file structure14.txt (compact mmCIF, C-alpha atoms)
# COMPACT_ATOMS: atom_id res chain seq x y z
CA MET A 1 47.39 134.69 113.98
CA SER A 2 44.29 136.56 112.90
CA GLU A 3 42.21 139.50 113.93
CA SER A 4 40.29 137.22 116.30
CA ASN A 5 43.51 135.66 117.68
CA PRO A 6 46.18 138.41 117.84
CA ILE A 7 49.68 137.82 119.22
CA ARG A 8 49.88 139.19 122.76
CA VAL A 9 53.01 141.39 123.03
CA PHE A 10 54.73 142.89 126.06
CA ALA A 11 57.43 145.56 125.71
CA THR A 12 59.70 146.37 128.63
CA HIS A 13 58.92 149.70 130.27
CA ASN A 14 59.59 151.61 133.44
CA PHE A 15 55.96 152.69 133.90
CA GLY A 16 56.25 155.37 131.26
CA GLU A 17 55.91 155.51 127.48
CA SER A 18 59.50 156.12 126.38
CA ASP A 19 60.40 156.91 122.77
CA ASP A 20 61.57 153.32 122.18
CA TYR A 21 58.42 151.89 123.78
CA LEU A 22 56.19 153.96 121.47
CA ARG A 23 58.44 153.18 118.49
CA VAL A 24 57.88 149.40 118.92
CA PHE A 25 54.16 149.79 118.39
CA GLU A 26 54.56 152.34 115.58
CA PHE A 27 56.63 149.74 113.71
CA LEU A 28 54.05 146.99 114.35
CA GLU A 29 51.16 149.24 113.30
CA SER A 30 52.84 149.83 109.93
CA VAL A 31 52.54 146.14 108.96
CA ASP A 32 49.47 145.18 106.91
CA ARG A 33 47.39 142.24 108.16
CA PHE A 34 49.48 141.73 111.29
CA TYR A 35 47.36 141.52 114.40
CA TYR A 36 48.74 141.97 117.89
CA LEU A 37 47.53 143.04 121.31
CA ASN A 38 49.73 145.22 123.50
CA VAL A 39 49.49 143.73 127.01
CA SER A 40 52.08 146.06 128.55
CA LYS A 41 50.43 148.82 130.53
CA PRO A 42 52.97 151.48 131.53
CA GLU A 43 50.13 153.66 132.79
CA ASN A 44 49.26 151.10 135.52
CA LEU A 45 51.85 152.22 138.07
CA PRO A 46 50.54 151.15 141.48
CA THR A 47 50.08 154.08 143.86
CA THR A 48 50.05 151.95 147.00
CA GLY A 49 51.78 148.80 148.17
CA GLY A 50 55.35 149.78 147.38
CA ALA A 51 57.88 147.68 145.48
CA GLN A 52 55.95 144.42 145.92
CA GLU A 53 52.82 145.86 144.32
CA VAL A 54 54.95 147.12 141.37
CA ARG A 55 56.34 143.59 140.93
CA ASP A 56 52.87 142.05 141.17
CA GLU A 57 51.59 144.44 138.48
CA LEU A 58 54.50 143.53 136.18
CA ILE A 59 53.83 139.82 136.74
CA ARG A 60 50.16 140.30 135.77
CA GLN A 61 51.13 142.14 132.58
CA ILE A 62 53.87 139.72 131.53
CA LYS A 63 51.83 136.57 132.22
CA ASP A 64 49.31 137.77 129.61
CA ALA A 65 52.03 137.94 126.92
CA GLU A 66 53.13 135.38 124.34
CA ALA A 67 56.35 137.25 123.51
CA MET A 68 58.35 140.13 124.96
CA PHE A 69 60.34 142.89 123.31
CA VAL A 70 63.31 143.85 125.47
CA LEU A 71 64.40 147.46 125.06
CA PRO A 72 68.01 148.23 126.02
CA SER A 73 67.00 151.82 126.82
CA ALA A 74 64.58 150.59 129.51
CA TRP A 75 67.28 148.29 130.89
CA GLU A 76 69.80 151.14 131.05
CA ALA A 77 67.25 153.31 132.88
CA ASN A 78 66.32 150.66 135.49
CA ARG A 79 68.33 147.43 135.26
CA GLU A 80 66.86 145.86 138.38
CA GLN A 81 63.28 146.26 137.19
CA VAL A 82 63.96 145.04 133.63
CA ASP A 83 65.99 142.09 134.96
CA PHE A 84 62.91 141.22 137.05
CA MET A 85 60.76 141.36 133.89
CA LEU A 86 63.19 139.00 132.16
CA ASP A 87 63.04 136.62 135.14
CA VAL A 88 59.24 136.59 135.00
CA ALA A 89 59.25 135.96 131.24
CA GLU A 90 61.79 133.13 131.64
CA ALA A 91 59.76 131.53 134.43
CA ASN A 92 56.65 131.60 132.23
CA ASP A 93 58.36 130.41 129.01
CA ILE A 94 57.67 133.68 127.21
CA GLY A 95 59.93 134.24 124.20
CA MET A 96 62.17 137.28 124.57
CA ILE A 97 63.41 139.43 121.69
CA VAL A 98 65.97 142.16 122.26
CA ILE A 99 66.02 145.06 119.80
CA ARG A 100 69.34 146.85 119.15
CA PRO A 101 69.56 150.38 120.58
CA PHE A 102 67.88 152.78 118.17
CA GLY A 103 70.17 154.82 115.96
CA GLY A 104 73.00 152.30 115.76
CA MET A 105 75.37 154.36 117.92
CA GLN A 106 75.56 151.80 120.74
CA GLU A 107 75.85 148.04 120.99
CA THR A 108 73.26 145.92 122.73
CA PRO A 109 74.46 144.97 126.22
CA GLU A 110 75.81 141.40 126.19
CA GLU A 111 73.74 140.52 129.28
CA LEU A 112 70.55 141.13 127.29
CA VAL A 113 71.74 139.30 124.17
CA ALA A 114 72.64 136.26 126.30
CA ARG A 115 69.21 136.12 127.96
CA CYS A 116 67.05 136.62 124.87
CA ALA A 117 66.19 134.11 122.16
CA GLU A 118 66.58 136.68 119.36
CA HIS A 119 68.58 139.85 118.74
CA ILE A 120 67.10 142.01 115.97
CA GLU A 121 67.28 145.43 114.31
CA TRP A 122 64.61 148.14 114.25
CA ASN A 123 62.87 146.72 111.18
CA ASP A 124 59.14 145.97 110.99
CA ARG A 125 59.69 142.76 109.05
CA GLN A 126 62.28 141.42 111.52
CA MET A 127 60.06 142.40 114.44
CA VAL A 128 56.99 140.62 113.06
CA ASP A 129 58.94 137.51 112.05
CA ALA A 130 60.59 137.30 115.49
CA LEU A 131 57.20 137.68 117.19
CA LYS A 132 55.70 134.90 115.08
CA ARG A 133 58.63 132.59 115.91
CA GLU A 134 58.76 133.33 119.62
CA ALA A 135 55.02 133.58 120.31
CA ARG A 136 53.59 130.90 118.05
CA GLY A 137 56.55 128.88 116.79
CA GLU A 138 55.76 129.94 113.21
CA ASP A 139 58.64 130.18 110.77
CA THR A 140 57.80 132.63 108.01
CA ALA A 141 60.60 131.50 105.68
CA ARG A 142 60.18 134.72 103.71
CA TRP A 143 62.69 135.68 101.06
CA GLU A 144 63.98 139.13 100.30
CA VAL A 145 63.01 140.28 96.81
CA ILE A 146 65.45 142.58 95.06
CA ASP A 147 64.29 144.52 92.03
CA PHE A 148 66.86 145.22 89.34
CA PRO A 149 65.72 148.02 87.01
CA GLY A 150 65.92 146.99 83.35
CA TRP A 151 65.49 143.29 84.14
CA ASN A 152 62.57 140.98 84.73
CA GLU A 153 62.25 137.24 85.43
CA ASP A 154 63.13 136.46 81.78
CA GLY A 155 66.28 138.59 81.63
CA PRO A 156 67.05 142.06 80.26
CA ILE A 157 64.08 144.12 79.14
CA GLU A 158 64.51 145.06 75.48
CA GLU A 159 62.91 148.31 74.46
call {"tool": "encode", "arguments": {"input": "structure14.txt", "output": "structure tokens"}}
result
Amino acid sequence: MSESNPIRVFATHNFGESDDYLRVFEFLESVDRFYYLNVSKPENLPTTGGAQEVRDELIRQIKDAEAMFVLPSAWEANREQVDFMLDVAEANDIGMIVIRPFGGMQETPEELVARCAEHIEWNDRQMVDALKREARGEDTARWEVIDFPGWNEDGPIEE
């Protein structure tokens, strides 16, 4: 993954930029040297053709993706449409990542957890690592570093 080869990301939407939809990309933007391309286009709501044209537009958007973020809030707002998005992603072997409902007040619906490869928190590091795994098969194998004041790698700091 580089600036010339960004990970193509789709986030579930109901043809509108919800708070959670915008939040996904705010989190990704906060990560240094992580390059992605948002292939979801909530502004592209077809004005003619009815339900079939809406489905065709979603298929076009999803087929361009390498990985998909599934937002429980979008699913709650329009289950049929988001289930269709999940079906399209499954049919095209696109890795799906469900993010817990923002704020921690609700649990992620079991139906979504069962269909997605990963279930993560709202955390930029978890989001990027999950994207790398699902889109490119990369395992980051990063370790958490905890800083203990008054200590360094050699032991207690003597003053």
call {"tool": "atom_distance", "arguments": {"input": "structure14.txt", "atom1": "CA of Ile7 in chain A", "atom2": "CA of Arg136 in chain A"}}
result
8.0 Å
call {"tool": "atom_distance", "arguments": {"input": "structure14.txt", "atom1": "CA of Phe27 in chain A", "atom2": "CA of Gln126 in chain A"}}
result
10.3 Å
call {"tool": "atom_distance", "arguments": {"input": "structure14.txt", "atom1": "CA of Val31 in chain A", "atom2": "CA of Gly95 in chain A"}}
result
20.7 Å
call {"tool": "closest_atom_pairs", "arguments": {"input": "structure14.txt", "of": "range 92-141 of chain A", "to": "range 45-62 of chain A", "cutoff": "12 Å", "atoms": "only C-alpha atoms", "output": "JSON lines"}}
result
{"residue": "A:Asn92", "atom": "CA", "partner": "A:Ile62", "partner_atom": "CA", "distance": 8.6}
{"residue": "A:Asp93", "atom": "CA", "partner": "A:Ile62", "partner_atom": "CA", "distance": 10.6}
{"residue": "A:Ile94", "atom": "CA", "partner": "A:Ile62", "partner_atom": "CA", "distance": 8.3}
{"residue": "A:Gly95", "atom": "CA", "partner": "A:Ile62", "partner_atom": "CA", "distance": 11.0}
{"residue": "A:Met96", "atom": "CA", "partner": "A:Ile62", "partner_atom": "CA", "distance": 11.1}
call {"tool": "closest_residue", "arguments": {"input": "structure14.txt", "among": "A:Gly16, A:Pro149, A:Pro72, A:Pro6", "to": "Ile97 in chain A", "atoms": "only C-alpha atoms"}}
result
A:Pro72
call {"tool": "closest_residue", "arguments": {"input": "structure14.txt", "among": "A:Leu112, A:Ala117, A:Val24, A:Val39", "to": "Arg79 in chain A", "atoms": "only C-alpha atoms"}}
result
A:Leu112
call {"tool": "closest_residue", "arguments": {"input": "structure14.txt", "among": "A:Arg8, A:Arg23, A:Lys63, A:His119", "to": "Lys132 in chain A", "atoms": "only C-alpha atoms"}}
result
A:Arg8
call {"tool": "residues_near_point", "arguments": {"input": "structure14.txt", "point": "(61.8, 153.8, 121.3)", "cutoff": "12 Å", "atoms": "all atoms listed in the file", "output": "PDB file with C-alpha atoms, in the frame of the given file"}}
result
ATOM      1  CA  ALA A  11      57.430 145.560 125.710  1.00  0.00           C
ATOM      2  CA  THR A  12      59.700 146.370 128.630  1.00  0.00           C
ATOM      3  CA  HIS A  13      58.920 149.700 130.270  1.00  0.00           C
ATOM      4  CA  GLY A  16      56.250 155.370 131.260  1.00  0.00           C
ATOM      5  CA  GLU A  17      55.910 155.510 127.480  1.00  0.00           C
ATOM      6  CA  SER A  18      59.500 156.120 126.380  1.00  0.00           C
ATOM      7  CA  ASP A  19      60.400 156.910 122.770  1.00  0.00           C
ATOM      8  CA  ASP A  20      61.570 153.320 122.180  1.00  0.00           C
ATOM      9  CA  TYR A  21      58.420 151.890 123.780  1.00  0.00           C
ATOM     10  CA  LEU A  22      56.190 153.960 121.470  1.00  0.00           C
ATOM     11  CA  ARG A  23      58.440 153.180 118.490  1.00  0.00           C
ATOM     12  CA  VAL A  24      57.880 149.400 118.920  1.00  0.00           C
ATOM     13  CA  PHE A  25      54.160 149.790 118.390  1.00  0.00           C
ATOM     14  CA  GLU A  26      54.560 152.340 115.580  1.00  0.00           C
ATOM     15  CA  PHE A  27      56.630 149.740 113.710  1.00  0.00           C
ATOM     16  CA  PHE A  69      60.340 142.890 123.310  1.00  0.00           C
ATOM     17  CA  VAL A  70      63.310 143.850 125.470  1.00  0.00           C
ATOM     18  CA  LEU A  71      64.400 147.460 125.060  1.00  0.00           C
ATOM     19  CA  PRO A  72      68.010 148.230 126.020  1.00  0.00           C
ATOM     20  CA  SER A  73      67.000 151.820 126.820  1.00  0.00           C
ATOM     21  CA  ALA A  74      64.580 150.590 129.510  1.00  0.00           C
ATOM     22  CA  ILE A  99      66.020 145.060 119.800  1.00  0.00           C
ATOM     23  CA  ARG A 100      69.340 146.850 119.150  1.00  0.00           C
ATOM     24  CA  PRO A 101      69.560 150.380 120.580  1.00  0.00           C
ATOM     25  CA  PHE A 102      67.880 152.780 118.170  1.00  0.00           C
ATOM     26  CA  GLY A 103      70.170 154.820 115.960  1.00  0.00           C
ATOM     27  CA  TRP A 122      64.610 148.140 114.250  1.00  0.00           C
TER      28      TRP A 122
END
call {"tool": "closest_residue", "arguments": {"input": "structure14.txt", "among": "A:Val113, A:Ile157, A:Val82, A:Val98", "to": "Ala67 in chain A", "atoms": "all atoms listed in the file"}}
result
A:Val98
call {"tool": "closest_residue", "arguments": {"input": "structure14.txt", "among": "A:Ser40, A:Gln81, A:Asn14, A:Asn152", "to": "Met68 in chain A", "atoms": "all atoms listed in the file"}}
result
A:Ser40
call {"tool": "residues_around", "arguments": {"input": "structure14.txt", "residues": "Leu28 in chain A", "least_positions_apart": "4", "cutoff": "10 Å", "atoms": "only C-alpha atoms", "output": "compact mmCIF listing (two decimals) with C-alpha atoms, in the frame of the given file"}}
result
# COMPACT_ATOMS: atom_id res chain seq x y z
CA ARG A 23 58.44 153.18 118.49
CA VAL A 24 57.88 149.40 118.92
CA ASP A 32 49.47 145.18 106.91
CA PHE A 34 49.48 141.73 111.29
CA TYR A 35 47.36 141.52 114.40
CA TYR A 36 48.74 141.97 117.89
CA ASN A 123 62.87 146.72 111.18
CA ASP A 124 59.14 145.97 110.99
CA ARG A 125 59.69 142.76 109.05
CA MET A 127 60.06 142.40 114.44
CA VAL A 128 56.99 140.62 113.06
call {"tool": "closest_residue", "arguments": {"input": "structure14.txt", "among": "A:Met105, A:Leu131, A:Glu158, A:Phe15", "to": "Glu43 in chain A", "atoms": "all atoms listed in the file"}}
result
A:Phe15
call {"tool": "decode", "arguments": {"input": "structure14.txt", "residues": "range 9-158 of chain A", "atoms": "C-alpha atoms", "output": "PDB file, in the first residue's frame"}}
result
ATOM      1  CA  VAL A   9     -12.498   1.269   0.794  1.00  0.00           C
ATOM      2  CA  PHE A  10     -16.284   1.137   0.719  1.00  0.00           C
ATOM      3  CA  ALA A  11     -18.390   2.136   3.742  1.00  0.00           C
ATOM      4  CA  THR A  12     -22.050   1.169   3.926  1.00  0.00           C
ATOM      5  CA  HIS A  13     -24.401   4.087   3.385  1.00  0.00           C
ATOM      6  CA  ASN A  14     -28.002   4.807   2.567  1.00  0.00           C
ATOM      7  CA  PHE A  15     -27.182   7.437  -0.067  1.00  0.00           C
ATOM      8  CA  GLY A  16     -26.405  10.045   2.548  1.00  0.00           C
ATOM      9  CA  GLU A  17     -23.366  11.017   4.598  1.00  0.00           C
ATOM     10  CA  SER A  18     -24.391   9.952   8.101  1.00  0.00           C
ATOM     11  CA  ASP A  19     -22.322  10.833  11.167  1.00  0.00           C
ATOM     12  CA  ASP A  20     -20.847   7.306  11.288  1.00  0.00           C
ATOM     13  CA  TYR A  21     -20.056   7.365   7.567  1.00  0.00           C
ATOM     14  CA  LEU A  22     -18.137  10.647   7.926  1.00  0.00           C
ATOM     15  CA  ARG A  23     -16.485   9.409  11.138  1.00  0.00           C
ATOM     16  CA  VAL A  24     -14.941   6.402   9.314  1.00  0.00           C
ATOM     17  CA  PHE A  25     -13.013   8.673   6.990  1.00  0.00           C
ATOM     18  CA  GLU A  26     -12.097  11.143   9.744  1.00  0.00           C
ATOM     19  CA  PHE A  27     -10.453   8.250  11.605  1.00  0.00           C
ATOM     20  CA  LEU A  28      -8.606   7.079   8.478  1.00  0.00           C
ATOM     21  CA  GLU A  29      -7.444  10.610   7.650  1.00  0.00           C
ATOM     22  CA  SER A  30      -5.831  10.891  11.086  1.00  0.00           C
ATOM     23  CA  VAL A  31      -3.348   8.081  10.321  1.00  0.00           C
ATOM     24  CA  ASP A  32       0.056   9.154   8.977  1.00  0.00           C
ATOM     25  CA  ARG A  33       1.292   7.465   5.793  1.00  0.00           C
ATOM     26  CA  PHE A  34      -1.872   5.428   5.309  1.00  0.00           C
ATOM     27  CA  TYR A  35      -3.260   5.740   1.813  1.00  0.00           C
ATOM     28  CA  TYR A  36      -6.798   4.810   0.887  1.00  0.00           C
ATOM     29  CA  LEU A  37      -9.381   5.698  -1.727  1.00  0.00           C
ATOM     30  CA  ASN A  38     -13.029   6.056  -0.744  1.00  0.00           C
ATOM     31  CA  VAL A  39     -15.012   4.280  -3.479  1.00  0.00           C
ATOM     32  CA  SER A  40     -18.391   4.695  -1.766  1.00  0.00           C
ATOM     33  CA  LYS A  41     -20.384   7.503  -3.334  1.00  0.00           C
ATOM     34  CA  PRO A  42     -23.459   8.319  -1.239  1.00  0.00           C
ATOM     35  CA  GLU A  43     -24.095  11.355  -3.429  1.00  0.00           C
ATOM     36  CA  ASN A  44     -24.728   9.120  -6.484  1.00  0.00           C
ATOM     37  CA  LEU A  45     -28.374   8.328  -5.752  1.00  0.00           C
ATOM     38  CA  PRO A  46     -29.980   7.444  -9.087  1.00  0.00           C
ATOM     39  CA  THR A  47     -32.896   9.729  -9.957  1.00  0.00           C
ATOM     40  CA  THR A  48     -34.416   7.368 -12.509  1.00  0.00           C
ATOM     41  CA  GLY A  49     -34.754   3.630 -12.889  1.00  0.00           C
ATOM     42  CA  GLY A  50     -36.176   2.832  -9.468  1.00  0.00           C
ATOM     43  CA  ALA A  51     -34.932   0.137  -7.103  1.00  0.00           C
ATOM     44  CA  GLN A  52     -33.007  -1.752  -9.794  1.00  0.00           C
ATOM     45  CA  GLU A  53     -30.955   1.308 -10.707  1.00  0.00           C
ATOM     46  CA  VAL A  54     -30.160   1.860  -6.989  1.00  0.00           C
ATOM     47  CA  ARG A  55     -28.927  -1.752  -6.770  1.00  0.00           C
ATOM     48  CA  ASP A  56     -26.882  -1.384  -9.958  1.00  0.00           C
ATOM     49  CA  GLU A  57     -25.231   1.769  -8.563  1.00  0.00           C
ATOM     50  CA  LEU A  58     -24.361  -0.031  -5.310  1.00  0.00           C
ATOM     51  CA  ILE A  59     -22.894  -2.950  -7.270  1.00  0.00           C
ATOM     52  CA  ARG A  60     -20.687  -0.544  -9.266  1.00  0.00           C
ATOM     53  CA  GLN A  61     -19.421   1.110  -6.079  1.00  0.00           C
ATOM     54  CA  ILE A  62     -18.802  -2.116  -4.162  1.00  0.00           C
ATOM     55  CA  LYS A  63     -17.056  -3.904  -7.044  1.00  0.00           C
ATOM     56  CA  ASP A  64     -14.393  -1.161  -6.983  1.00  0.00           C
ATOM     57  CA  ALA A  65     -13.610  -1.879  -3.304  1.00  0.00           C
ATOM     58  CA  GLU A  66     -10.983  -4.130  -1.730  1.00  0.00           C
ATOM     59  CA  ALA A  67     -12.608  -3.989   1.723  1.00  0.00           C
ATOM     60  CA  MET A  68     -15.880  -2.801   3.219  1.00  0.00           C
ATOM     61  CA  PHE A  69     -16.684  -1.144   6.524  1.00  0.00           C
ATOM     62  CA  VAL A  70     -20.130  -2.191   7.724  1.00  0.00           C
ATOM     63  CA  LEU A  71     -21.854   0.404   9.877  1.00  0.00           C
ATOM     64  CA  PRO A  72     -24.572  -0.903  12.206  1.00  0.00           C
ATOM     65  CA  SER A  73     -26.288   2.502  12.079  1.00  0.00           C
ATOM     66  CA  ALA A  74     -26.755   2.179   8.303  1.00  0.00           C
ATOM     67  CA  TRP A  75     -28.073  -1.368   8.774  1.00  0.00           C
ATOM     68  CA  GLU A  76     -30.564  -0.224  11.415  1.00  0.00           C
ATOM     69  CA  ALA A  77     -31.772   2.552   9.098  1.00  0.00           C
ATOM     70  CA  ASN A  78     -32.242   0.287   6.038  1.00  0.00           C
ATOM     71  CA  ARG A  79     -31.588  -3.409   6.678  1.00  0.00           C
ATOM     72  CA  GLU A  80     -32.681  -4.583   3.244  1.00  0.00           C
ATOM     73  CA  GLN A  81     -30.298  -2.250   1.427  1.00  0.00           C
ATOM     74  CA  VAL A  82     -27.299  -2.979   3.681  1.00  0.00           C
ATOM     75  CA  ASP A  83     -27.991  -6.731   3.487  1.00  0.00           C
ATOM     76  CA  PHE A  84     -27.857  -6.324  -0.305  1.00  0.00           C
ATOM     77  CA  MET A  85     -24.473  -4.564   0.039  1.00  0.00           C
ATOM     78  CA  LEU A  86     -23.206  -7.462   2.155  1.00  0.00           C
ATOM     79  CA  ASP A  87     -24.442  -9.946  -0.465  1.00  0.00           C
ATOM     80  CA  VAL A  88     -22.600  -8.065  -3.212  1.00  0.00           C
ATOM     81  CA  ALA A  89     -19.393  -7.928  -1.144  1.00  0.00           C
ATOM     82  CA  GLU A  90     -19.644 -11.659  -0.369  1.00  0.00           C
ATOM     83  CA  ALA A  91     -20.208 -12.516  -4.035  1.00  0.00           C
ATOM     84  CA  ASN A  92     -17.110 -10.509  -4.995  1.00  0.00           C
ATOM     85  CA  ASP A  93     -14.858 -11.786  -2.166  1.00  0.00           C
ATOM     86  CA  ILE A  94     -14.546  -8.349  -0.605  1.00  0.00           C
ATOM     87  CA  GLY A  95     -13.465  -8.446   3.049  1.00  0.00           C
ATOM     88  CA  MET A  96     -16.082  -7.051   5.407  1.00  0.00           C
ATOM     89  CA  ILE A  97     -15.314  -5.316   8.709  1.00  0.00           C
ATOM     90  CA  VAL A  98     -18.100  -4.372  11.097  1.00  0.00           C
ATOM     91  CA  ILE A  99     -17.448  -1.486  13.496  1.00  0.00           C
ATOM     92  CA  ARG A 100     -19.214  -1.495  16.883  1.00  0.00           C
ATOM     93  CA  PRO A 101     -21.948   1.136  17.274  1.00  0.00           C
ATOM     94  CA  PHE A 102     -20.342   4.443  18.199  1.00  0.00           C
ATOM     95  CA  GLY A 103     -20.535   5.441  21.847  1.00  0.00           C
ATOM     96  CA  GLY A 104     -20.574   1.935  23.288  1.00  0.00           C
ATOM     97  CA  MET A 105     -24.217   2.118  24.385  1.00  0.00           C
ATOM     98  CA  GLN A 106     -25.405  -0.664  22.057  1.00  0.00           C
ATOM     99  CA  GLU A 107     -24.112  -4.043  20.972  1.00  0.00           C
ATOM    100  CA  THR A 108     -23.387  -4.878  17.363  1.00  0.00           C
ATOM    101  CA  PRO A 109     -26.241  -6.909  15.873  1.00  0.00           C
ATOM    102  CA  GLU A 110     -25.300 -10.607  15.804  1.00  0.00           C
ATOM    103  CA  GLU A 111     -26.390 -10.881  12.153  1.00  0.00           C
ATOM    104  CA  LEU A 112     -23.658  -8.425  11.168  1.00  0.00           C
ATOM    105  CA  VAL A 113     -20.972 -10.003  13.353  1.00  0.00           C
ATOM    106  CA  ALA A 114     -21.732 -13.411  11.821  1.00  0.00           C
ATOM    107  CA  ARG A 115     -21.414 -12.137   8.241  1.00  0.00           C
ATOM    108  CA  CYS A 116     -18.236 -10.084   8.649  1.00  0.00           C
ATOM    109  CA  ALA A 117     -14.652 -11.293   8.865  1.00  0.00           C
ATOM    110  CA  GLU A 118     -13.750  -8.801  11.609  1.00  0.00           C
ATOM    111  CA  HIS A 119     -15.532  -6.982  14.431  1.00  0.00           C
ATOM    112  CA  ILE A 120     -13.635  -3.918  15.651  1.00  0.00           C
ATOM    113  CA  GLU A 121     -13.893  -0.798  17.822  1.00  0.00           C
ATOM    114  CA  TRP A 122     -13.802   2.834  16.708  1.00  0.00           C
ATOM    115  CA  ASN A 123     -10.011   3.045  16.818  1.00  0.00           C
ATOM    116  CA  ASP A 124      -7.846   4.291  13.946  1.00  0.00           C
ATOM    117  CA  ARG A 125      -5.202   1.637  14.530  1.00  0.00           C
ATOM    118  CA  GLN A 126      -7.725  -1.228  14.563  1.00  0.00           C
ATOM    119  CA  MET A 127      -9.420   0.184  11.474  1.00  0.00           C
ATOM    120  CA  VAL A 128      -6.183   0.440   9.474  1.00  0.00           C
ATOM    121  CA  ASP A 129      -4.940  -2.983  10.580  1.00  0.00           C
ATOM    122  CA  ALA A 130      -8.278  -4.603   9.674  1.00  0.00           C
ATOM    123  CA  LEU A 131      -8.237  -2.905   6.261  1.00  0.00           C
ATOM    124  CA  LYS A 132      -4.722  -4.142   5.569  1.00  0.00           C
ATOM    125  CA  ARG A 133      -5.693  -7.704   6.536  1.00  0.00           C
ATOM    126  CA  GLU A 134      -8.976  -7.814   4.640  1.00  0.00           C
ATOM    127  CA  ALA A 135      -7.923  -5.874   1.534  1.00  0.00           C
ATOM    128  CA  ARG A 136      -4.358  -7.035   1.005  1.00  0.00           C
ATOM    129  CA  GLY A 137      -3.838  -9.985   3.335  1.00  0.00           C
ATOM    130  CA  GLU A 138      -1.149  -8.052   5.218  1.00  0.00           C
ATOM    131  CA  ASP A 139      -0.649  -8.832   8.882  1.00  0.00           C
ATOM    132  CA  THR A 140       0.831  -5.839  10.656  1.00  0.00           C
ATOM    133  CA  ALA A 141       1.872  -7.766  13.787  1.00  0.00           C
ATOM    134  CA  ARG A 142       2.211  -4.463  15.627  1.00  0.00           C
ATOM    135  CA  TRP A 143       2.728  -4.412  19.371  1.00  0.00           C
ATOM    136  CA  GLU A 144       1.258  -1.984  21.833  1.00  0.00           C
ATOM    137  CA  VAL A 145       3.916   0.106  23.559  1.00  0.00           C
ATOM    138  CA  ILE A 146       3.191   1.162  27.109  1.00  0.00           C
ATOM    139  CA  ASP A 147       5.243   3.938  28.653  1.00  0.00           C
ATOM    140  CA  PHE A 148       5.887   3.740  32.385  1.00  0.00           C
ATOM    141  CA  PRO A 149       7.008   7.105  33.790  1.00  0.00           C
ATOM    142  CA  GLY A 150      10.217   6.796  35.810  1.00  0.00           C
ATOM    143  CA  TRP A 151      11.390   3.718  33.890  1.00  0.00           C
ATOM    144  CA  ASN A 152      13.252   3.102  30.670  1.00  0.00           C
ATOM    145  CA  GLU A 153      14.453  -0.046  28.874  1.00  0.00           C
ATOM    146  CA  ASP A 154      17.242  -0.483  31.473  1.00  0.00           C
ATOM    147  CA  GLY A 155      15.019  -0.212  34.542  1.00  0.00           C
ATOM    148  CA  PRO A 156      14.245   2.607  36.997  1.00  0.00           C
ATOM    149  CA  ILE A 157      15.576   6.026  36.096  1.00  0.00           C
ATOM    150  CA  GLU A 158      17.833   7.276  38.892  1.00  0.00           C
TER     151      GLU A 158
END
